[in-house]
$ cat coords-v8.pdb   # PDB, C-alpha atoms
ATOM      1  CA  ASP A   1      10.272  24.284 -24.699
ATOM      2  CA  ARG A   2       7.234  22.038 -25.031
ATOM      3  CA  TYR A   3       8.619  19.361 -22.720
ATOM      4  CA  LYS A   4      10.297  21.510 -20.083
ATOM      5  CA  GLY A   5       9.371  21.270 -16.436
ATOM      6  CA  ARG A   6       8.447  24.670 -15.029
ATOM      7  CA  CYS A   7       8.748  26.044 -11.510
ATOM      8  CA  TYR A   8       5.678  28.253 -11.207
ATOM      9  CA  ASP A   9       5.890  29.269  -7.536
ATOM     10  CA  ILE A  10       8.355  29.409  -4.651
ATOM     11  CA  GLU A  11       7.071  29.721  -1.104
ATOM     12  CA  ALA A  12       9.072  30.407   2.040
ATOM     13  CA  ILE A  13       8.749  27.879   4.847
ATOM     14  CA  PRO A  14       7.849  29.633   8.126
ATOM     15  CA  GLY A  15      10.694  29.525  10.629
ATOM     16  CA  GLU A  16      13.263  28.359   8.065
ATOM     17  CA  ASP A  17      15.721  30.844   6.532
ATOM     18  CA  ASP A  18      17.163  28.607   3.832
ATOM     19  CA  MET A  19      14.325  26.206   2.972
ATOM     20  CA  PHE A  20      11.504  26.720   0.479
ATOM     21  CA  PHE A  21       8.564  24.979  -1.131
ATOM     22  CA  ALA A  22       9.031  24.924  -4.902
ATOM     23  CA  TYR A  23       6.011  24.135  -7.077
ATOM     24  CA  VAL A  24       7.018  22.409 -10.318
ATOM     25  CA  ALA A  25       4.790  21.316 -13.204
ATOM     26  CA  TYR A  26       5.648  18.804 -15.941
ATOM     27  CA  PRO A  27       3.890  18.244 -19.286
ATOM     28  CA  ILE A  28       1.761  15.103 -19.204
ATOM     29  CA  ASP A  29       3.341  13.810 -22.422
ATOM     30  CA  LEU A  30       6.547  13.091 -20.492
ATOM     31  CA  PHE A  31       4.878  10.185 -18.676
ATOM     32  CA  GLU A  32       3.931   6.719 -19.904
ATOM     33  CA  GLU A  33       0.273   5.953 -19.381
ATOM     34  CA  GLY A  34      -0.535   3.634 -16.485
ATOM     35  CA  SER A  35       3.057   3.431 -15.229
ATOM     36  CA  VAL A  36       3.814   4.419 -11.645
ATOM     37  CA  THR A  37       7.353   3.219 -12.280
ATOM     38  CA  ASN A  38       7.874   5.714 -15.100
ATOM     39  CA  MET A  39       6.170   8.524 -13.184
ATOM     40  CA  LEU A  40       8.457   8.171 -10.172
ATOM     41  CA  THR A  41      11.546   7.588 -12.305
ATOM     42  CA  SER A  42      10.880  10.872 -14.084
ATOM     43  CA  ILE A  43      10.025  12.947 -11.013
ATOM     44  CA  VAL A  44      12.429  11.627  -8.367
ATOM     45  CA  GLY A  45      14.948   9.667 -10.428
ATOM     46  CA  ASN A  46      18.305  11.473 -10.549
ATOM     47  CA  VAL A  47      17.434  14.908  -9.216
ATOM     48  CA  PHE A  48      17.834  13.872  -5.571
ATOM     49  CA  GLY A  49      21.505  13.112  -6.186
ATOM     50  CA  PHE A  50      22.519  16.431  -7.750
ATOM     51  CA  LYS A  51      25.588  17.984  -6.121
ATOM     52  CA  ALA A  52      23.994  21.433  -6.208
ATOM     53  CA  LEU A  53      21.297  20.299  -3.786
ATOM     54  CA  ARG A  54      21.937  20.059  -0.073
ATOM     55  CA  ALA A  55      18.613  18.300   0.443
ATOM     56  CA  LEU A  56      15.353  17.765  -1.425
ATOM     57  CA  ARG A  57      12.000  16.368  -0.339
ATOM     58  CA  LEU A  58       8.912  15.623  -2.400
ATOM     59  CA  GLU A  59       5.979  16.661  -0.216
ATOM     60  CA  ASP A  60       3.050  15.998  -2.522
ATOM     61  CA  LEU A  61       1.909  15.378  -6.086
ATOM     62  CA  ARG A  62      -1.143  16.512  -7.977
ATOM     63  CA  ILE A  63      -1.979  13.931 -10.602
ATOM     64  CA  PRO A  64      -4.214  15.419 -13.317
ATOM     65  CA  PRO A  65      -7.472  13.571 -14.058
ATOM     66  CA  ALA A  66      -6.376  12.779 -17.622
ATOM     67  CA  TYR A  67      -3.400  10.831 -16.239
ATOM     68  CA  VAL A  68      -5.338   9.264 -13.352
ATOM     69  CA  LYS A  69      -7.696   7.712 -15.911
ATOM     70  CA  THR A  70      -4.846   5.668 -17.404
ATOM     71  CA  PHE A  71      -4.529   3.615 -14.183
ATOM     72  CA  PHE A  72      -6.789   0.779 -13.040
ATOM     73  CA  GLY A  73      -6.198   1.557  -9.353
ATOM     74  CA  PRO A  74      -7.356  -0.731  -6.516
ATOM     75  CA  PRO A  75      -8.407  -4.251  -7.536
ATOM     76  CA  HIS A  76     -11.758  -3.980  -5.753
ATOM     77  CA  GLY A  77     -12.164  -1.299  -3.078
ATOM     78  CA  ILE A  78     -13.984  -0.846   0.210
ATOM     79  CA  GLN A  79     -17.536  -1.716  -0.832
ATOM     80  CA  VAL A  80     -16.585  -4.873  -2.707
ATOM     81  CA  GLU A  81     -14.527  -6.056   0.266
ATOM     82  CA  ARG A  82     -17.477  -5.584   2.611
ATOM     83  CA  ASP A  83     -19.721  -7.422   0.166
ATOM     84  CA  LYS A  84     -17.284 -10.331  -0.064
ATOM     85  CA  LEU A  85     -17.056 -10.565   3.721
ATOM     86  CA  ASN A  86     -20.734  -9.753   4.356
ATOM     87  CA  LYS A  87     -19.677  -7.322   7.097
ATOM     88  CA  TYR A  88     -21.117  -3.822   7.295
ATOM     89  CA  GLY A  89     -21.452  -0.881   9.657
ATOM     90  CA  ARG A  90     -18.273  -1.431  11.644
ATOM     91  CA  ALA A  91     -14.516  -1.540  11.387
ATOM     92  CA  LEU A  92     -12.917  -4.853  10.450
ATOM     93  CA  LEU A  93     -10.809  -6.307  13.252
ATOM     94  CA  GLY A  94      -7.583  -8.178  12.710
ATOM     95  CA  CYS A  95      -4.107  -8.849  14.040
ATOM     96  CA  THR A  96      -0.641  -9.934  12.966
ATOM     97  CA  ILE A  97       0.506 -13.337  14.177
ATOM     98  CA  LYS A  98       3.374 -13.111  16.683
ATOM     99  CA  PRO A  99       6.057 -14.273  16.934
ATOM    100  CA  LYS A 100       6.103 -13.538  13.246
ATOM    101  CA  LEU A 101       9.209 -15.638  12.615
ATOM    102  CA  GLY A 102      10.152 -19.031  14.040
ATOM    103  CA  LEU A 103       6.836 -20.894  14.186
ATOM    104  CA  SER A 104       6.295 -24.020  12.137
ATOM    105  CA  ALA A 105       3.561 -23.832   9.512
ATOM    106  CA  LYS A 106       1.304 -26.065  11.616
ATOM    107  CA  ASN A 107       1.700 -23.947  14.753
ATOM    108  CA  TYR A 108       1.259 -20.796  12.704
ATOM    109  CA  GLY A 109      -1.999 -22.118  11.319
ATOM    110  CA  ARG A 110      -3.124 -23.041  14.825
ATOM    111  CA  ALA A 111      -2.485 -19.475  16.008
ATOM    112  CA  CYS A 112      -4.530 -18.157  13.080
ATOM    113  CA  TYR A 113      -7.404 -20.481  13.939
ATOM    114  CA  GLU A 114      -7.457 -19.420  17.588
ATOM    115  CA  CYS A 115      -7.532 -15.726  16.640
ATOM    116  CA  LEU A 116     -10.247 -16.157  14.027
ATOM    117  CA  ARG A 117     -12.307 -18.463  16.226
ATOM    118  CA  GLY A 118     -11.975 -15.916  19.024
ATOM    119  CA  GLY A 119     -13.717 -13.213  17.017
ATOM    120  CA  LEU A 120     -11.268 -11.552  14.635
ATOM    121  CA  ASP A 121     -12.236 -10.969  11.021
ATOM    122  CA  PHE A 122      -8.671 -11.307   9.735
ATOM    123  CA  THR A 123      -5.236 -12.444  10.733
ATOM    124  CA  LYS A 124      -2.165 -11.580   8.693
ATOM    125  CA  ASP A 125       1.385 -12.412   7.781
ATOM    126  CA  ASP A 126       3.967  -9.797   8.633
ATOM    127  CA  GLU A 127       6.144  -8.170   6.005
ATOM    128  CA  ASN A 128       9.081 -10.585   6.238
ATOM    129  CA  VAL A 129       7.054 -13.794   6.445
ATOM    130  CA  ASN A 130       7.902 -15.208   3.016
ATOM    131  CA  SER A 131       9.336 -18.739   2.639
ATOM    132  CA  GLN A 132      11.966 -19.455   5.290
ATOM    133  CA  PRO A 133      13.419 -22.883   6.192
ATOM    134  CA  PHE A 134      11.246 -23.200   9.313
ATOM    135  CA  MET A 135       8.017 -22.387   7.400
ATOM    136  CA  ARG A 136       7.832 -22.740   3.628
ATOM    137  CA  TRP A 137       5.194 -20.658   1.931
ATOM    138  CA  ARG A 138       3.143 -23.534   0.515
ATOM    139  CA  ASP A 139       2.934 -25.232   3.920
ATOM    140  CA  ARG A 140       1.855 -21.955   5.513
ATOM    141  CA  PHE A 141      -0.803 -21.354   2.873
ATOM    142  CA  GLY A 142      -2.246 -24.826   3.437
ATOM    143  CA  PHE A 143      -2.433 -24.681   7.226
ATOM    144  CA  VAL A 144      -3.794 -21.125   7.178
ATOM    145  CA  ALA A 145      -6.499 -22.105   4.676
ATOM    146  CA  GLU A 146      -7.470 -24.958   6.992
ATOM    147  CA  ALA A 147      -7.690 -22.486   9.896
ATOM    148  CA  ILE A 148      -9.919 -20.179   7.856
ATOM    149  CA  TYR A 149     -12.335 -22.929   6.828
ATOM    150  CA  LYS A 150     -12.522 -24.402  10.319
ATOM    151  CA  SER A 151     -13.191 -21.047  11.997
ATOM    152  CA  GLN A 152     -15.793 -20.171   9.369
ATOM    153  CA  ALA A 153     -17.622 -23.448   9.939
ATOM    154  CA  GLU A 154     -17.691 -22.901  13.695
ATOM    155  CA  THR A 155     -18.645 -19.201  13.713
ATOM    156  CA  GLY A 156     -20.818 -18.889  10.630
ATOM    157  CA  GLU A 157     -18.810 -15.817   9.591
ATOM    158  CA  ILE A 158     -16.522 -15.227   6.628
ATOM    159  CA  LYS A 159     -12.892 -15.080   7.759
ATOM    160  CA  GLY A 160      -9.604 -14.289   6.090
ATOM    161  CA  HIS A 161      -5.847 -14.100   6.424
ATOM    162  CA  TYR A 162      -3.464 -11.788   4.562
ATOM    163  CA  LEU A 163      -1.200 -14.347   2.892
ATOM    164  CA  ASN A 164       2.048 -12.637   1.924
ATOM    165  CA  ALA A 165       2.694 -13.443  -1.738
ATOM    166  CA  THR A 166       5.916 -11.401  -1.896
ATOM    167  CA  ALA A 167       8.606 -13.564  -3.489
ATOM    168  CA  PRO A 168      12.175 -13.346  -4.837
ATOM    169  CA  ASP A 169      10.871 -12.673  -8.358
ATOM    170  CA  SER A 170       7.664 -11.564 -10.042
ATOM    171  CA  GLU A 171       6.922 -15.015 -11.444
ATOM    172  CA  GLY A 172       7.138 -16.531  -7.972
ATOM    173  CA  MET A 173       4.881 -13.812  -6.581
ATOM    174  CA  MET A 174       2.232 -14.461  -9.212
ATOM    175  CA  TYR A 175       2.421 -18.215  -8.632
ATOM    176  CA  ARG A 176       1.902 -17.776  -4.892
ATOM    177  CA  ALA A 177      -1.142 -15.613  -5.578
ATOM    178  CA  GLN A 178      -2.464 -18.314  -7.909
ATOM    179  CA  VAL A 179      -2.013 -20.995  -5.232
ATOM    180  CA  ALA A 180      -3.793 -18.761  -2.703
ATOM    181  CA  LYS A 181      -6.712 -18.493  -5.128
ATOM    182  CA  GLU A 182      -6.772 -22.278  -5.549
ATOM    183  CA  PHE A 183      -6.969 -22.660  -1.768
ATOM    184  CA  GLY A 184     -10.017 -20.392  -1.865
ATOM    185  CA  VAL A 185      -8.732 -17.698   0.508
ATOM    186  CA  PRO A 186     -10.155 -14.185   0.037
ATOM    187  CA  ILE A 187      -7.020 -12.036   0.236
ATOM    188  CA  VAL A 188      -3.285 -11.891  -0.420
ATOM    189  CA  MET A 189      -0.649  -9.379   0.615
ATOM    190  CA  HIS A 190       2.349  -7.695  -1.003
ATOM    191  CA  ASP A 191       5.294  -5.599   0.234
ATOM    192  CA  TYR A 192       4.978  -2.973  -2.471
ATOM    193  CA  LEU A 193       8.111  -0.914  -1.840
ATOM    194  CA  THR A 194      10.573  -3.773  -1.493
ATOM    195  CA  GLY A 195       8.723  -5.768  -4.156
ATOM    196  CA  GLY A 196       8.535  -2.859  -6.587
ATOM    197  CA  PHE A 197       5.749  -0.947  -8.326
ATOM    198  CA  THR A 198       5.935  -2.942 -11.560
ATOM    199  CA  ALA A 199       5.451  -6.222  -9.697
ATOM    200  CA  ASN A 200       2.731  -4.667  -7.552
ATOM    201  CA  THR A 201       0.740  -3.494 -10.566
ATOM    202  CA  SER A 202       0.938  -6.983 -12.088
ATOM    203  CA  LEU A 203      -0.314  -8.524  -8.846
ATOM    204  CA  ALA A 204      -3.124  -5.961  -8.578
ATOM    205  CA  ASN A 205      -4.250  -6.828 -12.105
ATOM    206  CA  TYR A 206      -4.258 -10.544 -11.248
ATOM    207  CA  CYS A 207      -6.258  -9.939  -8.068
ATOM    208  CA  ARG A 208      -8.773  -7.794  -9.947
ATOM    209  CA  ASN A 209      -9.311 -10.477 -12.577
ATOM    210  CA  ASN A 210      -9.478 -13.381 -10.119
ATOM    211  CA  GLY A 211     -11.545 -12.062  -7.233
ATOM    212  CA  LEU A 212      -8.744 -11.714  -4.673
ATOM    213  CA  LEU A 213      -8.483  -8.770  -2.315
ATOM    214  CA  LEU A 214      -5.023  -7.202  -2.053
ATOM    215  CA  HIS A 215      -3.524  -5.878   1.171
ATOM    216  CA  ILE A 216      -0.364  -3.787   0.900
ATOM    217  CA  HIS A 217       2.422  -3.521   3.471
ATOM    218  CA  ARG A 218       4.669  -0.457   3.383
ATOM    219  CA  ALA A 219       7.903  -2.083   4.613
ATOM    220  CA  MET A 220      10.911   0.194   3.920
ATOM    221  CA  HIS A 221       8.829   3.384   3.797
ATOM    222  CA  ALA A 222      10.684   5.090   6.663
ATOM    223  CA  VAL A 223      13.964   4.859   4.749
ATOM    224  CA  ILE A 224      12.314   7.128   2.186
ATOM    225  CA  ASP A 225       9.926   9.325   4.157
ATOM    226  CA  ARG A 226      11.128   9.819   7.730
ATOM    227  CA  GLN A 227      13.746  12.549   7.217
ATOM    228  CA  ARG A 228      12.074  15.967   7.361
ATOM    229  CA  ILE A 229      14.260  17.633   4.740
ATOM    230  CA  HIS A 230      15.102  14.828   2.301
ATOM    231  CA  GLY A 231      13.299  12.003   0.541
ATOM    232  CA  MET A 232       9.561  12.026  -0.019
ATOM    233  CA  HIS A 233       6.509  12.174   2.203
ATOM    234  CA  PHE A 234       4.425   9.062   2.743
ATOM    235  CA  ARG A 235       1.426  10.777   1.148
ATOM    236  CA  VAL A 236       3.296  10.535  -2.179
ATOM    237  CA  LEU A 237       3.893   6.817  -1.645
ATOM    238  CA  ALA A 238       0.217   6.405  -0.754
ATOM    239  CA  LYS A 239      -0.915   8.178  -3.920
ATOM    240  CA  ALA A 240       1.452   6.062  -5.996
ATOM    241  CA  LEU A 241       0.024   2.910  -4.418
ATOM    242  CA  ARG A 242      -3.549   4.000  -5.117
ATOM    243  CA  MET A 243      -2.624   4.225  -8.792
ATOM    244  CA  SER A 244      -0.573   1.009  -8.850
ATOM    245  CA  GLY A 245      -3.301  -0.949  -7.072
ATOM    246  CA  GLY A 246      -4.106  -2.134  -3.564
ATOM    247  CA  ASP A 247      -7.328  -2.526  -1.605
ATOM    248  CA  HIS A 248      -5.798  -1.358   1.656
ATOM    249  CA  LEU A 249      -2.460  -0.101   2.857
ATOM    250  CA  HIS A 250      -0.686   0.265   6.176
ATOM    251  CA  SER A 251      -0.977   3.995   6.822
ATOM    252  CA  GLY A 252       0.421   4.375  10.322
ATOM    253  CA  THR A 253      -1.624   5.569  13.254
ATOM    254  CA  VAL A 254      -1.795   8.382  15.757
ATOM    255  CA  VAL A 255      -1.076   5.956  18.597
ATOM    256  CA  GLY A 256       1.179   2.927  18.873
ATOM    257  CA  LYS A 257       4.861   2.223  18.372
ATOM    258  CA  LEU A 258       5.355   3.940  15.011
ATOM    259  CA  GLU A 259       5.683   7.639  14.246
ATOM    260  CA  GLY A 260       2.560   9.507  13.101
ATOM    261  CA  ASP A 261       1.114  13.025  13.415
ATOM    262  CA  ARG A 262      -2.672  13.038  13.847
ATOM    263  CA  ASP A 263      -3.728  15.633  11.274
ATOM    264  CA  VAL A 264      -1.183  14.573   8.670
ATOM    265  CA  THR A 265      -2.073  10.895   9.107
ATOM    266  CA  LEU A 266      -5.777  11.637   8.664
ATOM    267  CA  GLY A 267      -4.895  13.682   5.591
ATOM    268  CA  PHE A 268      -3.310  10.839   3.684
ATOM    269  CA  VAL A 269      -5.908   8.367   4.952
ATOM    270  CA  ASP A 270      -8.480  10.517   3.134
ATOM    271  CA  LEU A 271      -6.230  10.521   0.065
ATOM    272  CA  MET A 272      -6.482   6.733   0.023
ATOM    273  CA  ARG A 273     -10.229   6.495   0.673
ATOM    274  CA  ASP A 274     -12.072   9.438  -0.868
ATOM    275  CA  ASN A 275     -12.747  10.204  -4.521
ATOM    276  CA  TYR A 276     -12.204  13.947  -4.130
ATOM    277  CA  ILE A 277      -9.900  15.633  -1.624
ATOM    278  CA  GLU A 278      -9.730  19.391  -1.089
ATOM    279  CA  ARG A 279      -6.445  21.183  -0.516
ATOM    280  CA  ASP A 280      -5.852  21.475   3.241
ATOM    281  CA  ARG A 281      -2.379  22.541   4.322
ATOM    282  CA  ASN A 282      -3.217  21.957   7.992
ATOM    283  CA  ARG A 283      -3.434  18.265   7.156
ATOM    284  CA  GLY A 284      -0.503  18.304   4.767
ATOM    285  CA  VAL A 285      -2.655  18.145   1.629
ATOM    286  CA  PHE A 286      -0.948  20.542  -0.777
ATOM    287  CA  PHE A 287      -3.229  19.981  -3.772
ATOM    288  CA  THR A 288      -6.857  19.262  -4.477
ATOM    289  CA  GLN A 289      -6.938  15.744  -5.917
ATOM    290  CA  GLU A 290      -9.597  14.121  -8.096
ATOM    291  CA  TRP A 291      -9.361  10.328  -8.341
ATOM    292  CA  MET A 292     -12.121   9.931 -10.932
ATOM    293  CA  GLY A 293     -13.659   6.971  -9.073
TER     294      GLY A 293
END
$ encode --input "coords-v8.pdb" --output "structure tokens"
Amino acid sequence: DRYKGRCYDIEAIPGEDDMFFAYVAYPIDLFEEGSVTNMLTSIVGNVFGFKALRALRLEDLRIPPAYVKTFFGPPHGIQVERDKLNKYGRALLGCTIKPKLGLSAKNYGRACYECLRGGLDFTKDDENVNSQPFMRWRDRFGFVAEAIYKSQAETGEIKGHYLNATAPDSEGMMYRAQVAKEFGVPIVMHDYLTGGFTANTSLANYCRNNGLLLHIHRAMHAVIDRQRIHGMHFRVLAKALRMSGGDHLHSGTVVGKLEGDRDVTLGFVDLMRDNYIERDRNRGVFFTQEWMG
């Protein structure tokens, strides 16, 4: 009995005759310390495929403080990023280079320079800019670094570019991050869902120890979170990322081309930024969450 999961409450969903919120608690000893991979494997591993279930959706998690403390979390955080960039009191402004695929490394670097010289703080790779035949990753890193240094010299401001270090394997990812550090750029990027939580945690640890900021792209999230009755909500993926490690994450927006409800979006933005978040069902926050820092 000591290791059983327990359903301690069932709540009807207004307007739905055959759907319910079930609140389930698991003993903390079931989970390996500091492992998002093990946590998700245990909670959402096989249960979503059971024949007895028509559909199942994980809406939220409450991670107890004792378990939160076993994770290192973001490599640096908001204040350290502002200190590195020497930019305070305003939002940071950036853009993704378009067309994201098809440019040569030299032309890509030129586009980065023009954006940074024109006033942006950052430019960025998109999620599928990795190392294609028309633009190999090392060439891109070199031309982008040149664009950063040139724009910094001309504007007197610190600039950056989110260099996507996502690679076919973890060793390649770590090597790309190392090369980015050698070029002296301030930030790298990772596709944490397609790349995997184990790889992401390794990259976050490297960035923490080597002074690199880490931007996270959520490519593939809608496969998991868009269906209303099956899968898991993005707030769960955001919490998992905060534990695995990332300095900032694509969170969606209330406007633009991608789906996003205003109150719910603001709810999981707070989950990523604040140290303590009160339960607020109007914003989709099912549990009070303490991040312990």
$ resolve_selection --input "coords-v8.pdb" --expression "the PyMOL selection byres ((chain A and resi 105) around 7)" --output "ChimeraX atom specification"
/A:103-104,106-109,135,139-140,143
$ residues_near_point --input "coords-v8.pdb" --point "(8.0, 12.3, 8.6)" --cutoff "12 Å" --atoms "only C-alpha atoms" --output "compact mmCIF listing (two decimals) with C-alpha atoms, in the frame of the given file"
# COMPACT_ATOMS: atom_id res chain seq x y z
CA ARG A 57 12.00 16.37 -0.34
CA LEU A 58 8.91 15.62 -2.40
CA GLU A 59 5.98 16.66 -0.22
CA HIS A 221 8.83 3.38 3.80
CA ALA A 222 10.68 5.09 6.66
CA VAL A 223 13.96 4.86 4.75
CA ILE A 224 12.31 7.13 2.19
CA ASP A 225 9.93 9.32 4.16
CA ARG A 226 11.13 9.82 7.73
CA GLN A 227 13.75 12.55 7.22
CA ARG A 228 12.07 15.97 7.36
CA ILE A 229 14.26 17.63 4.74
CA HIS A 230 15.10 14.83 2.30
CA GLY A 231 13.30 12.00 0.54
CA MET A 232 9.56 12.03 -0.02
CA HIS A 233 6.51 12.17 2.20
CA PHE A 234 4.42 9.06 2.74
CA ARG A 235 1.43 10.78 1.15
CA VAL A 236 3.30 10.54 -2.18
CA GLY A 252 0.42 4.38 10.32
CA LEU A 258 5.36 3.94 15.01
CA GLU A 259 5.68 7.64 14.25
CA GLY A 260 2.56 9.51 13.10
CA ASP A 261 1.11 13.02 13.42
CA ARG A 262 -2.67 13.04 13.85
CA VAL A 264 -1.18 14.57 8.67
CA THR A 265 -2.07 10.90 9.11
CA GLY A 284 -0.50 18.30 4.77
$ resolve_selection --input "coords-v8.pdb" --expression "the PyMOL selection byres ((chain A and resi 283) around 6)" --output "MDAnalysis selection string"
chainID A and resid 263:264 267 280:282 284:285
$ closest_atom_pairs --input "coords-v8.pdb" --of "range 51-151 of chain A" --to "range 180-204 of chain A" --cutoff "10 Å" --atoms "only C-alpha atoms" --output "JSON lines"
{"residue": "A:Phe71", "atom": "CA", "partner": "A:Thr201", "partner_atom": "CA", "distance": 9.6}
{"residue": "A:Phe72", "atom": "CA", "partner": "A:Ala204", "partner_atom": "CA", "distance": 8.9}
{"residue": "A:Gly73", "atom": "CA", "partner": "A:Ala204", "partner_atom": "CA", "distance": 8.2}
{"residue": "A:Pro74", "atom": "CA", "partner": "A:Ala204", "partner_atom": "CA", "distance": 7.0}
{"residue": "A:Pro75", "atom": "CA", "partner": "A:Ala204", "partner_atom": "CA", "distance": 5.6}
{"residue": "A:His76", "atom": "CA", "partner": "A:Ala204", "partner_atom": "CA", "distance": 9.3}
{"residue": "A:Glu81", "atom": "CA", "partner": "A:Pro186", "partner_atom": "CA", "distance": 9.2}
{"residue": "A:Lys84", "atom": "CA", "partner": "A:Pro186", "partner_atom": "CA", "distance": 8.1}
{"residue": "A:Leu85", "atom": "CA", "partner": "A:Pro186", "partner_atom": "CA", "distance": 8.6}
{"residue": "A:Phe122", "atom": "CA", "partner": "A:Ile187", "partner_atom": "CA", "distance": 9.7}
{"residue": "A:Lys124", "atom": "CA", "partner": "A:Met189", "partner_atom": "CA", "distance": 8.5}
{"residue": "A:Asp125", "atom": "CA", "partner": "A:Met189", "partner_atom": "CA", "distance": 8.0}
{"residue": "A:Asp126", "atom": "CA", "partner": "A:Met189", "partner_atom": "CA", "distance": 9.3}
{"residue": "A:Glu127", "atom": "CA", "partner": "A:Asp191", "partner_atom": "CA", "distance": 6.4}
{"residue": "A:Asn128", "atom": "CA", "partner": "A:Asp191", "partner_atom": "CA", "distance": 8.7}
{"residue": "A:Arg138", "atom": "CA", "partner": "A:Ala180", "partner_atom": "CA", "distance": 9.0}
{"residue": "A:Phe141", "atom": "CA", "partner": "A:Ala180", "partner_atom": "CA", "distance": 6.8}
{"residue": "A:Gly142", "atom": "CA", "partner": "A:Phe183", "partner_atom": "CA", "distance": 7.4}
{"residue": "A:Val144", "atom": "CA", "partner": "A:Val185", "partner_atom": "CA", "distance": 9.0}
{"residue": "A:Ala145", "atom": "CA", "partner": "A:Val185", "partner_atom": "CA", "distance": 6.5}
{"residue": "A:Glu146", "atom": "CA", "partner": "A:Phe183", "partner_atom": "CA", "distance": 9.1}
{"residue": "A:Ile148", "atom": "CA", "partner": "A:Val185", "partner_atom": "CA", "distance": 7.8}
{"residue": "A:Tyr149", "atom": "CA", "partner": "A:Val185", "partner_atom": "CA", "distance": 9.0}
$ atom_distance --input "coords-v8.pdb" --atom1 "CA of Trp291 in chain A" --atom2 "CA of Ala22 in chain A"
23.7 Å
$ closest_residue --input "coords-v8.pdb" --among "A:Met292, A:Met272, A:Ile216, A:Leu237" --to "Val36 in chain A" --atoms "only C-alpha atoms"
A:Leu237
